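One structure below.
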Amino acid sequence: MVTFDIPRSVQVEHAEIHGTLEEATRRGGAVGEAATRLAEVLHPHFVREEEIALPPLALLAPLAAGEAFGDMSEVLALTDALKAELPRMLEEHVVIRAAVENLRAAARAKGAVEEELLAEKLALHALTEEEVLYPAAIVVGELVRLRIAPVAPRTGVV
């Protein structure tokens, strides 16, 4: 089985968000409570993203360069799962956005600049997933499907 490594830039961003959020949960008070609630809704979402939505992105550069990458057809199970689960994942973003806004409001009220910046970063991260990462992962699957489809014989008829 081929493994598709999540691009390093995305791994680093997820790790940074997770680490900063974990620190915020230990802050205590309204900010810590808001951060804890956000972590509760964000964690299972991140786990599922890292299972199906982000690994297909490993094929972006090879596909753009016209190169093969192991048995690329194995990515189709991931991209098909993402397409099927995308409405639910976007619904989760609505819940996550509400939790992010709660954190932002609590942080602003307490003058917790780092936590307020985290909330802003998370809001932008979710938007990037919706506008770029999820569609890119789905396009990877569609392109792989096109590349592995048997070529119909030419009949000379256009």
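Chain identifiers are assigned as A, B, and so on, following the order in which chains appear in the structure tokens; residues are numbered from 1 within each chain, and ligands are numbered from 1 in order of appearance.
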Point to revise | Spatial neighbours of range 42-52 of chain A, max dist 10 Å, only C-alpha atoms, sep filter under 5 positions, as a PyMOL selection string | key: chain A and resi 4-6+10-11+14+18+21+36-37+57+75-83+85+89+92-93+95-97+99-100+122+129+134+137
Practice item. Determine the nearest neighbour of Ser9 in chain A from the options A:Ala58, A:Ala68, A:Arg88, A:Ile138, counting only C-alpha atoms. Key: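 Ranked by minimum distance to Ser9 in chain A, first place goes to A:Ala58.
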Which polymer residues have any atom within 10 Å of an atom of Ala112 in chain A, counting only C-alpha atoms, with same-chain residues fewer than 5 positions away left out, as a CSV table (one decimal) with C-alpha atoms, in the first residue's frame?
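Written out: around.csv:
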```csv
chain,number,residue,atom,x,y,z
A,24,ALA,CA,-4.7,28.2,25.4
A,27,ARG,CA,-4.9,29.5,30.4
A,31,VAL,CA,-10.4,32.0,27.5
A,103,LEU,CA,-12.5,32.1,21.7
A,104,ARG,CA,-11.9,35.4,19.8
A,105,ALA,CA,-14.5,37.2,21.9
A,106,ALA,CA,-13.2,35.7,25.2
A,107,ALA,CA,-9.7,36.5,24.3
A,117,LEU,CA,-4.5,35.8,17.0
```
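The coordinates place CA of Leu118 in chain A at 7.2 Å from CA of Thr20 in chain A.
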Check your understanding: Got a sec to tell me which of range 60-121 of chain A DSSP assigns to alpha helix (DSSP H), as number ranges by chain?
Key -> A: 60-64, 75-110, 113-121
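Of note, CA of Ile17 in chain A and CA of Ala109 in chain A are spaced 21.3 Å apart.
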